[in-house]
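Just below is one structure, and these are the notes that go with it.
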Amino acid sequence: GGAPAMDVEQLRPHAERLKEWLLCEEGFGATLNVFFVENKDYFDSYSEEHALHYTTLWRMFAEKFEGEVQGWLSDEGLTEEHLEAILRLGREGGDPDIELVIDTMMQVLEYDKWIKNIFEIKQRIAKRRIVRAKRK
């Protein structure tokens, strides 16, 4: 690729923005929300009988995710080459929810990891919502 190399410090602010984007309502958080709402019957708990459908959902998720990440990168003036470094930086912050979402991103192409992660995200993010709602 012809992208200018960026050092870690230049990428750090992008990593911060990525973390916000991943869970925020204006960013990928909204996509996650819709995904869980539309498929809620499948993600309340893992069910063997849906095994085939999970792989379909996984493909849909991976595609949607690819598209959104590409959009985010181009908004930030970055390329895919920067993504891995940004994801690594993002994991350094010590927020377990962010780490989970980033791991899911990094492993989005590995079904067995994705299926484990996606249930975990569903539980944690639902909990996070509840916590937020209570604070008002």
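To be explicit about the labels: the chains of the structure tokens are called A, B, and onward in the order shown, and within each one the residues are counted from 1, while ligands get numbers from 1 in the order they are shown.
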Note to self: Quick one: residues within 10 Å of stretch 102-107 of chain A, only C-alpha atoms, excluding same-chain residues fewer than 6 positions away - as a count of residues only?
What the structure shows: 23
Check: Closest to A:Leu11 among A:Glu81, A:Asp112, A:Glu38, A:Asp95, using only C-alpha atoms?
Finding: A:Glu81
Next item on the list: Could you tell me how far atom CA of A:Lys122 lies from atom CA of A:Phe43, in Å and to one decimal?
Entry: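 Distance between the two atoms: 7.5 Å.
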Next item on the list: For A:Asp75, work out the shell of residues within 12 Å, counting only C-alpha atoms and skipping chain neighbours fewer than 4 positions away, then give it as a ChimeraX atom specification.
Entry: /A:14,17-18,21,68-71,79
Next item on the list: Could you please write out, as a ChimeraX atom specification, every residue of chain A that DSSP assigns to alpha helix (DSSP H)?
Entry: /A:8-23,28-38,40-43,51-75,80-91,96-106,111-135
